[in-house]
Amino acid sequence: MKNVTGARCTLCGHVTEALPGTTVCPECGGILDIEYDYDYIRSKLTKYDLMDREEPGMWRYMEFLPVEGIGNRPRLRVGGSPLYRASGLEKKLGLKTLYIKDDGLNPTASLKDRASAMAVVKAEEAGKTTIACSSTGNAASSLAGNAACAGLSTYIFVPSRAPKGKVAQLLMFGATVVLVEGSYEDTFRISAEAIDRWGWYNRNAAINPYLMEGKKTVSLEIAEQLGFKMPDYVAVSVGDGCTVAGVWKGFKDLYEAGFIDRLPRIISVQAEGCCPINTAAAAHTMNWVPQEENTLADSIAVGVPRNPVKALRAIEESHGVTVNVSDEEILDAMRILGREAGVFAEPAGAAGTAGLVKALDTGLIEKDASVVSIVTGNGLKDVSNAIRAAGEPLSIAPDMDKLLEAFEKKGIKP
Ligand SMILES: *Cc1c(COP(=O)(O)O)cnc(C)c1O
């Protein structure tokens with residue numbers, strides 16, 4: 001890979017060669033960060049070249065990615081998700097400029113597809129035919145789907161609280177699914193033991209430095225969709241921290257390669273009931289403290305984050321804003337995304353928007369700002385919380401009088 005110079009440890013700074021099977025730092029076990037030769041990238045690609053490319057999806061950014069190519073196996077189409085100008089929401093919130101990046105429209109319905117597509121390619125490069133991961137749900141379903149398309153097999157460990165929609169996806173994609181009766185922390189530990197024992201390719205996002213490189217394509221896309229004019233803020237929900245770190249890395253790559261001339265600030269959103277990263281970020285310390293996992297937003301219910309260093313650096317470097325939201329605020333955001341923008345988000349998918357709403361209400365950010373809010377997962381994954389947010393439908397006997405009665409009772413005037 002001529003564009004990649006190596007993998008640098010986020011803890012001790014040691015640089016190793018970026019090989020297909022590279023995971024953590026051989027010196028200290030720290031998480032690695034893939035580094036690029038931006039002069040090389042600049043010499044191979046301009047933003048005008050990029051705009052001429054026809055291929056939709058994440059692989060159009062090949063020069064920014066740690067792969068030689070993507071081989072001959074079939075691939076799901078990951079990325080290329082829409083960026084909507086959300087004028088209904090702008091009006092409702094009194095915000096000057098708001099875009100919604102709907103990454104719930106990826107093939108398995110979450111942003112995690114970007115990481116899993118990368119994992120599958122790297123596993124093939126490493127000569128592996130079996131991939132494993134532990135996940136709060138979406139990493140798993142995206143891995144299972146992307147692997148199924150390419151003809152690889154998967155072992156998946158999820159906490160037993162994972163919503164049914166996500167478990168159904170796993171089974172449908174033919175994964176061997178292990179529900180672990182315990183927290184995400186317990187699930188992660190047992191998956192790591194099994195991966196060691198059987199030598200599977202490891203898709204655990206915080207251990208595998210390539211996954212974040214897949215996730216960063218969401219930012220490359222946002223930039224391209226905005227004609228490389230950066231917004232003031234990008235709001236995103238945070239669990240392990242790989243997504244926020246990837247989002248930041250994507251913008252930084254573009255900046256280093258001269259594609260953009262300023263960087264947005266991150267709005268880092270966690271749930272009040274589980275916010276170890278935001279708590280540390282707000283105190284400007286790297287010393288995060290584990291928390292319980294008390295939120296209905298299962299995808300960000302991460303009490304022991306796996307990628308705190310990269311996440312905290314991303315928030316700090318971007319002069320980021322941290323916002324913690326209640327479950328009620330998340331349900332509200334799901335409702336307004338649906339009603340004002342036609343976007344259906346799962347709770348963690350709407351959390352970024354909930355954080356934006358709160359940041360506006362509390363004056364943390366200015367009403368005349370421009371903001372991109374990333375919806376990270378689709379609402380169909382977690383229908384019971386969607387119903388909780390949106391309420392039950394009218395229910396009647398098939399009779400016009402009953403319909404009139406029901407409308408009357410609800411104050412509906414057709
Ligand atoms: C995984 C996930 C997140 C958070 O990503 P992390 O890398 O764990 O911080 C947010 N929203 C959804 C829908 C997710 O699946």
# chains A, B, ... in the order shown; residues from 1 in each chain; ligands from 1

$ select_by_dssp --residues "range 211-256 of chain A" --states "strand (DSSP E)" --output "list in words"
Tyr233, Val234, Ala235, Val236 and Ser237 of chain A

$ residues_near_ligand --ligand "ligand 1" --cutoff "7 Å" --atoms "only C-alpha atoms and all ligand atoms" --output "number ranges by chain"
A: 110-112, 137-139, 237-244, 299-300, 346, 348-349, 376-377

$ write_last_selection --atoms "N, CA and C atoms" --output "compact mmCIF listing (two decimals), in the first residue's frame"
# COMPACT_ATOMS: atom_id res chain seq x y z
N SER A 110 -27.00 0.15 9.08
CA SER A 110 -26.28 1.01 10.03
C SER A 110 -24.94 1.43 9.45
N LEU A 111 -24.37 2.44 10.10
CA LEU A 111 -23.04 2.95 9.70
C LEU A 111 -21.97 1.87 9.82
N LYS A 112 -22.22 0.89 10.69
CA LYS A 112 -21.25 -0.19 10.91
C LYS A 112 -20.89 -0.96 9.64
N GLY A 137 -24.76 -5.22 18.61
CA GLY A 137 -25.80 -5.57 17.63
C GLY A 137 -25.45 -5.23 16.20
N ASN A 138 -25.15 -3.96 15.95
CA ASN A 138 -24.98 -3.54 14.56
C ASN A 138 -23.66 -3.96 13.93
N ALA A 139 -22.60 -3.99 14.73
CA ALA A 139 -21.32 -4.47 14.19
C ALA A 139 -21.52 -5.90 13.74
N SER A 237 -23.40 10.02 17.67
CA SER A 237 -23.53 9.32 18.94
C SER A 237 -22.31 8.45 19.19
N VAL A 238 -22.01 8.23 20.48
CA VAL A 238 -20.75 7.60 20.87
C VAL A 238 -20.99 6.44 21.83
N GLY A 239 -20.43 5.27 21.48
CA GLY A 239 -20.46 4.11 22.38
C GLY A 239 -19.04 3.72 22.72
N ASP A 240 -18.46 2.79 21.94
CA ASP A 240 -17.05 2.44 22.09
C ASP A 240 -16.11 3.59 21.74
N GLY A 241 -16.56 4.42 20.83
CA GLY A 241 -15.74 5.57 20.44
C GLY A 241 -15.12 5.45 19.06
N CYS A 242 -15.30 4.32 18.39
CA CYS A 242 -14.69 4.13 17.07
C CYS A 242 -15.35 5.02 16.01
N THR A 243 -16.66 5.20 16.14
CA THR A 243 -17.36 5.99 15.14
C THR A 243 -16.92 7.45 15.19
N VAL A 244 -16.93 8.01 16.38
CA VAL A 244 -16.54 9.43 16.49
C VAL A 244 -15.08 9.61 16.06
N SER A 299 -27.22 0.47 21.19
CA SER A 299 -25.97 0.53 20.41
C SER A 299 -24.91 1.41 21.06
N ILE A 300 -25.32 2.31 21.94
CA ILE A 300 -24.32 3.14 22.63
C ILE A 300 -24.32 2.88 24.14
N GLU A 346 -33.05 4.29 14.74
CA GLU A 346 -33.07 3.55 16.00
C GLU A 346 -32.61 4.52 17.10
N ALA A 348 -30.04 4.83 19.19
CA ALA A 348 -28.66 5.35 19.09
C ALA A 348 -28.48 6.15 17.80
N GLY A 349 -29.27 5.82 16.79
CA GLY A 349 -29.19 6.54 15.52
C GLY A 349 -29.73 7.95 15.64
N THR A 376 -27.03 7.06 12.64
CA THR A 376 -26.10 5.93 12.52
C THR A 376 -26.78 4.58 12.33
N GLY A 377 -28.09 4.52 12.60
CA GLY A 377 -28.76 3.22 12.46
C GLY A 377 -30.25 3.37 12.21

$ residues_around --residues "Val372 in chain A" --least-positions-apart "4" --cutoff "6 Å" --atoms "only C-alpha atoms" --output "list in words"
Leu98, Tyr99, Ile100 and Val234 of chain A

$ select_by_dssp --residues "range 187-331 of chain A" --states "alpha helix (DSSP H)" --output "ChimeraX atom specification"
/A:187-198,209-215,217-225,242-256,276-282,308-317,327-331

$ closest_residue --among "A:Arg339, A:Asn106, A:Trp59, A:Leu11" --to "Pro308 in chain A" --atoms "only C-alpha atoms"
A:Leu11

$ residues_around --residues "Ser160 in chain A" --least-positions-apart "5" --cutoff "10 Å" --atoms "only C-alpha atoms" --output "list in words"
Thr136, Gly137, Val167, Val178, Leu179, Val180, Glu181, Gly182, Ser183, Tyr184 and Thr187 of chain A

$ write_last_selection --atoms "C-alpha atoms" --output "short mmCIF file (atom, residue, chain, number, x, y, z; two decimals), in the first residue's frame"
data_model
loop_
_atom_site.label_atom_id
_atom_site.label_comp_id
_atom_site.auth_asym_id
_atom_site.auth_seq_id
_atom_site.Cartn_x
_atom_site.Cartn_y
_atom_site.Cartn_z
CA THR A 136 -24.03 -4.51 20.84
CA GLY A 137 -25.80 -5.57 17.63
CA VAL A 167 -30.61 -10.85 16.06
CA VAL A 178 -24.11 -16.76 20.53
CA LEU A 179 -26.31 -14.71 22.87
CA VAL A 180 -24.28 -14.00 26.02
CA GLU A 181 -26.18 -13.61 29.26
CA GLY A 182 -24.27 -10.64 30.58
CA SER A 183 -23.16 -7.11 29.76
CA TYR A 184 -21.40 -5.98 26.59
CA THR A 187 -19.64 -10.43 25.73
#

$ residues_around --residues "Pro20 in chain A" --least-positions-apart "3" --cutoff "8 Å" --atoms "only C-alpha atoms" --output "list in words"
Lys122, Ala123, Glu125 and Ala126 of chain A

$ residues_around --residues "Asn72 in chain A" --least-positions-apart "3" --cutoff "10 Å" --atoms "only C-alpha atoms" --output "ChimeraX atom specification"
/A:69,75,150

$ residues_around --residues "Ser116 in chain A" --least-positions-apart "3" --cutoff "9 Å" --atoms "only C-alpha atoms" --output "PDB file with N, CA, C and O atoms, in the first residue's frame"
ATOM      1  N   LYS A 112     -22.219   0.885  10.687  1.00  0.00           N
ATOM      2  CA  LYS A 112     -21.248  -0.187  10.914  1.00  0.00           C
ATOM      3  C   LYS A 112     -20.895  -0.955   9.636  1.00  0.00           C
ATOM      4  O   LYS A 112     -19.857  -1.606   9.581  1.00  0.00           O
ATOM      5  N   ASP A 113     -21.748  -0.885   8.632  1.00  0.00           N
ATOM      6  CA  ASP A 113     -21.416  -1.547   7.364  1.00  0.00           C
ATOM      7  C   ASP A 113     -20.089  -1.049   6.810  1.00  0.00           C
ATOM      8  O   ASP A 113     -19.362  -1.794   6.153  1.00  0.00           O
ATOM      9  N   ALA A 119     -13.527  -4.889   7.144  1.00  0.00           N
ATOM     10  CA  ALA A 119     -13.080  -6.092   7.859  1.00  0.00           C
ATOM     11  C   ALA A 119     -13.053  -7.306   6.940  1.00  0.00           C
ATOM     12  O   ALA A 119     -12.122  -8.112   6.989  1.00  0.00           O
ATOM     13  N   VAL A 120     -14.065  -7.406   6.101  1.00  0.00           N
ATOM     14  CA  VAL A 120     -14.148  -8.567   5.207  1.00  0.00           C
ATOM     15  C   VAL A 120     -12.981  -8.547   4.210  1.00  0.00           C
ATOM     16  O   VAL A 120     -12.319  -9.562   3.988  1.00  0.00           O
ATOM     17  N   VAL A 121     -12.689  -7.380   3.661  1.00  0.00           N
ATOM     18  CA  VAL A 121     -11.572  -7.280   2.712  1.00  0.00           C
ATOM     19  C   VAL A 121     -10.245  -7.589   3.412  1.00  0.00           C
ATOM     20  O   VAL A 121      -9.405  -8.333   2.889  1.00  0.00           O
ATOM     21  N   ALA A 139     -22.596  -3.987  14.731  1.00  0.00           N
ATOM     22  CA  ALA A 139     -21.315  -4.467  14.192  1.00  0.00           C
ATOM     23  C   ALA A 139     -21.522  -5.901  13.738  1.00  0.00           C
ATOM     24  O   ALA A 139     -21.038  -6.326  12.684  1.00  0.00           O
ATOM     25  N   ALA A 140     -22.264  -6.638  14.543  1.00  0.00           N
ATOM     26  CA  ALA A 140     -22.517  -8.040  14.256  1.00  0.00           C
ATOM     27  C   ALA A 140     -23.351  -8.205  12.999  1.00  0.00           C
ATOM     28  O   ALA A 140     -22.970  -8.942  12.080  1.00  0.00           O
ATOM     29  N   SER A 142     -23.890  -6.195  10.581  1.00  0.00           N
ATOM     30  CA  SER A 142     -23.199  -5.726   9.378  1.00  0.00           C
ATOM     31  C   SER A 142     -22.101  -6.700   8.974  1.00  0.00           C
ATOM     32  O   SER A 142     -21.904  -6.963   7.784  1.00  0.00           O
ATOM     33  N   LEU A 143     -21.408  -7.253   9.946  1.00  0.00           N
ATOM     34  CA  LEU A 143     -20.368  -8.229   9.616  1.00  0.00           C
ATOM     35  C   LEU A 143     -20.999  -9.454   8.964  1.00  0.00           C
ATOM     36  O   LEU A 143     -20.523  -9.944   7.937  1.00  0.00           O
ATOM     37  N   ALA A 144     -22.073  -9.930   9.574  1.00  0.00           N
ATOM     38  CA  ALA A 144     -22.722 -11.134   9.049  1.00  0.00           C
ATOM     39  C   ALA A 144     -23.182 -10.917   7.610  1.00  0.00           C
ATOM     40  O   ALA A 144     -22.981 -11.774   6.747  1.00  0.00           O
ATOM     41  N   GLY A 145     -23.757  -9.759   7.326  1.00  0.00           N
ATOM     42  CA  GLY A 145     -24.249  -9.471   5.977  1.00  0.00           C
ATOM     43  C   GLY A 145     -23.127  -9.321   4.966  1.00  0.00           C
ATOM     44  O   GLY A 145     -23.149  -9.925   3.894  1.00  0.00           O
ATOM     45  N   ASN A 146     -22.138  -8.522   5.313  1.00  0.00           N
ATOM     46  CA  ASN A 146     -21.035  -8.290   4.374  1.00  0.00           C
ATOM     47  C   ASN A 146     -20.231  -9.565   4.139  1.00  0.00           C
ATOM     48  O   ASN A 146     -19.752  -9.809   3.027  1.00  0.00           O
ATOM     49  N   ALA A 147     -20.081 -10.387   5.184  1.00  0.00           N
ATOM     50  CA  ALA A 147     -19.354 -11.654   5.030  1.00  0.00           C
ATOM     51  C   ALA A 147     -20.169 -12.625   4.179  1.00  0.00           C
ATOM     52  O   ALA A 147     -19.617 -13.325   3.318  1.00  0.00           O
ATOM     53  N   ARG A 203     -12.903  -8.942  14.211  1.00  0.00           N
ATOM     54  CA  ARG A 203     -13.531  -7.713  13.753  1.00  0.00           C
ATOM     55  C   ARG A 203     -13.892  -6.798  14.934  1.00  0.00           C
ATOM     56  O   ARG A 203     -14.636  -5.865  14.798  1.00  0.00           O
ATOM     57  N   LEU A 211     -10.830  -0.897  10.927  1.00  0.00           N
ATOM     58  CA  LEU A 211     -12.275  -0.681  10.914  1.00  0.00           C
ATOM     59  C   LEU A 211     -12.630   0.801  10.934  1.00  0.00           C
ATOM     60  O   LEU A 211     -13.535   1.255  10.238  1.00  0.00           O
ATOM     61  N   GLY A 214     -12.605   2.315   7.668  1.00  0.00           N
ATOM     62  CA  GLY A 214     -13.846   2.154   6.922  1.00  0.00           C
ATOM     63  C   GLY A 214     -14.866   3.186   7.374  1.00  0.00           C
ATOM     64  O   GLY A 214     -15.524   3.848   6.555  1.00  0.00           O
ATOM     65  N   LYS A 215     -14.982   3.348   8.695  1.00  0.00           N
ATOM     66  CA  LYS A 215     -15.982   4.284   9.221  1.00  0.00           C
ATOM     67  C   LYS A 215     -15.736   5.715   8.780  1.00  0.00           C
ATOM     68  O   LYS A 215     -16.666   6.500   8.620  1.00  0.00           O
TER      69      LYS A 215
END

$ decode --residues "range 221-250 of chain A" --atoms "N, CA, C and O atoms" --output "mmCIF file, in the first residue's frame"
data_model
loop_
_atom_site.group_PDB
_atom_site.id
_atom_site.type_symbol
_atom_site.label_atom_id
_atom_site.label_comp_id
_atom_site.auth_asym_id
_atom_site.auth_seq_id
_atom_site.Cartn_x
_atom_site.Cartn_y
_atom_site.Cartn_z
ATOM 1 N N GLU A 221 -17.566 11.210 2.498
ATOM 2 C CA GLU A 221 -18.802 11.380 1.738
ATOM 3 C C GLU A 221 -19.515 12.692 2.061
ATOM 4 O O GLU A 221 -19.981 13.396 1.162
ATOM 5 N N ILE A 222 -19.615 12.981 3.357
ATOM 6 C CA ILE A 222 -20.281 14.235 3.765
ATOM 7 C C ILE A 222 -19.581 15.411 3.084
ATOM 8 O O ILE A 222 -20.224 16.289 2.505
ATOM 9 N N ALA A 223 -18.253 15.387 3.123
ATOM 10 C CA ALA A 223 -17.485 16.484 2.526
ATOM 11 C C ALA A 223 -17.783 16.582 1.028
ATOM 12 O O ALA A 223 -18.052 17.667 0.496
ATOM 13 N N GLU A 224 -17.735 15.436 0.376
ATOM 14 C CA GLU A 224 -17.968 15.457 -1.073
ATOM 15 C C GLU A 224 -19.390 15.942 -1.379
ATOM 16 O O GLU A 224 -19.608 16.741 -2.294
ATOM 17 N N GLN A 225 -20.362 15.455 -0.586
ATOM 18 C CA GLN A 225 -21.757 15.848 -0.821
ATOM 19 C C GLN A 225 -21.978 17.342 -0.589
ATOM 20 O O GLN A 225 -22.901 17.929 -1.138
ATOM 21 N N LEU A 226 -21.137 17.944 0.247
ATOM 22 C CA LEU A 226 -21.264 19.382 0.507
ATOM 23 C C LEU A 226 -20.336 20.191 -0.391
ATOM 24 O O LEU A 226 -20.089 21.377 -0.131
ATOM 25 N N GLY A 227 -19.809 19.563 -1.421
ATOM 26 C CA GLY A 227 -18.892 20.281 -2.308
ATOM 27 C C GLY A 227 -17.634 20.739 -1.577
ATOM 28 O O GLY A 227 -17.045 21.764 -1.916
ATOM 29 N N PHE A 228 -17.225 19.994 -0.576
ATOM 30 C CA PHE A 228 -16.021 20.264 0.228
ATOM 31 C C PHE A 228 -16.103 21.577 1.010
ATOM 32 O O PHE A 228 -15.098 22.137 1.402
ATOM 33 N N LYS A 229 -17.327 22.050 1.232
ATOM 34 C CA LYS A 229 -17.528 23.195 2.140
ATOM 35 C C LYS A 229 -17.963 22.645 3.485
ATOM 36 O O LYS A 229 -19.048 22.083 3.608
ATOM 37 N N MET A 230 -17.130 22.816 4.475
ATOM 38 C CA MET A 230 -17.365 22.149 5.748
ATOM 39 C C MET A 230 -18.434 22.840 6.591
ATOM 40 O O MET A 230 -18.510 24.065 6.626
ATOM 41 N N PRO A 231 -19.239 22.037 7.292
ATOM 42 C CA PRO A 231 -20.183 22.616 8.253
ATOM 43 C C PRO A 231 -19.417 23.042 9.518
ATOM 44 O O PRO A 231 -18.255 22.691 9.685
ATOM 45 N N ASP A 232 -20.103 23.782 10.389
ATOM 46 C CA ASP A 232 -19.469 24.166 11.655
ATOM 47 C C ASP A 232 -19.370 22.984 12.610
ATOM 48 O O ASP A 232 -18.393 22.855 13.336
ATOM 49 N N TYR A 233 -20.414 22.135 12.610
ATOM 50 C CA TYR A 233 -20.464 21.028 13.564
ATOM 51 C C TYR A 233 -20.929 19.738 12.884
ATOM 52 O O TYR A 233 -21.707 19.789 11.934
ATOM 53 N N VAL A 234 -20.457 18.619 13.437
ATOM 54 C CA VAL A 234 -20.998 17.316 13.041
ATOM 55 C C VAL A 234 -21.392 16.585 14.322
ATOM 56 O O VAL A 234 -20.556 16.395 15.220
ATOM 57 N N ALA A 235 -22.670 16.206 14.418
ATOM 58 C CA ALA A 235 -23.169 15.541 15.619
ATOM 59 C C ALA A 235 -23.188 14.037 15.405
ATOM 60 O O ALA A 235 -23.659 13.556 14.368
ATOM 61 N N VAL A 236 -22.684 13.298 16.389
ATOM 62 C CA VAL A 236 -22.641 11.840 16.260
ATOM 63 C C VAL A 236 -22.753 11.194 17.636
ATOM 64 O O VAL A 236 -22.282 11.743 18.628
ATOM 65 N N SER A 237 -23.397 10.024 17.670
ATOM 66 C CA SER A 237 -23.533 9.323 18.944
ATOM 67 C C SER A 237 -22.306 8.448 19.193
ATOM 68 O O SER A 237 -21.656 7.991 18.256
ATOM 69 N N VAL A 238 -22.014 8.228 20.476
ATOM 70 C CA VAL A 238 -20.752 7.598 20.867
ATOM 71 C C VAL A 238 -20.990 6.443 21.834
ATOM 72 O O VAL A 238 -21.680 6.603 22.848
ATOM 73 N N GLY A 239 -20.432 5.274 21.482
ATOM 74 C CA GLY A 239 -20.464 4.115 22.378
ATOM 75 C C GLY A 239 -19.037 3.720 22.716
ATOM 76 O O GLY A 239 -18.414 4.244 23.632
ATOM 77 N N ASP A 240 -18.457 2.794 21.936
ATOM 78 C CA ASP A 240 -17.047 2.437 22.092
ATOM 79 C C ASP A 240 -16.113 3.589 21.741
ATOM 80 O O ASP A 240 -15.000 3.668 22.232
ATOM 81 N N GLY A 241 -16.557 4.418 20.829
ATOM 82 C CA GLY A 241 -15.742 5.568 20.438
ATOM 83 C C GLY A 241 -15.124 5.450 19.056
ATOM 84 O O GLY A 241 -14.469 6.379 18.575
ATOM 85 N N CYS A 242 -15.303 4.316 18.392
ATOM 86 C CA CYS A 242 -14.689 4.128 17.068
ATOM 87 C C CYS A 242 -15.352 5.016 16.014
ATOM 88 O O CYS A 242 -14.691 5.516 15.107
ATOM 89 N N THR A 243 -16.661 5.195 16.138
ATOM 90 C CA THR A 243 -17.364 5.988 15.137
ATOM 91 C C THR A 243 -16.916 7.446 15.192
ATOM 92 O O THR A 243 -16.546 8.031 14.167
ATOM 93 N N VAL A 244 -16.926 8.015 16.382
ATOM 94 C CA VAL A 244 -16.542 9.429 16.485
ATOM 95 C C VAL A 244 -15.084 9.607 16.062
ATOM 96 O O VAL A 244 -14.731 10.575 15.377
ATOM 97 N N ALA A 245 -14.245 8.637 16.406
ATOM 98 C CA ALA A 245 -12.835 8.716 16.011
ATOM 99 C C ALA A 245 -12.712 8.609 14.493
ATOM 100 O O ALA A 245 -11.904 9.314 13.868
ATOM 101 N N GLY A 246 -13.510 7.745 13.887
ATOM 102 C CA GLY A 246 -13.493 7.590 12.430
ATOM 103 C C GLY A 246 -13.984 8.843 11.733
ATOM 104 O O GLY A 246 -13.411 9.286 10.733
ATOM 105 N N VAL A 247 -15.059 9.411 12.263
ATOM 106 C CA VAL A 247 -15.612 10.641 11.688
ATOM 107 C C VAL A 247 -14.533 11.735 11.670
ATOM 108 O O VAL A 247 -14.302 12.409 10.663
ATOM 109 N N TRP A 248 -13.828 11.852 12.781
ATOM 110 C CA TRP A 248 -12.791 12.884 12.891
ATOM 111 C C TRP A 248 -11.623 12.588 11.951
ATOM 112 O O TRP A 248 -11.102 13.470 11.269
ATOM 113 N N LYS A 249 -11.229 11.307 11.900
ATOM 114 C CA LYS A 249 -10.107 10.923 11.034
ATOM 115 C C LYS A 249 -10.413 11.257 9.575
ATOM 116 O O LYS A 249 -9.543 11.739 8.842
ATOM 117 N N GLY A 250 -11.633 11.024 9.151
ATOM 118 C CA GLY A 250 -12.003 11.310 7.768
ATOM 119 C C GLY A 250 -11.813 12.790 7.442
ATOM 120 O O GLY A 250 -11.233 13.145 6.409
#
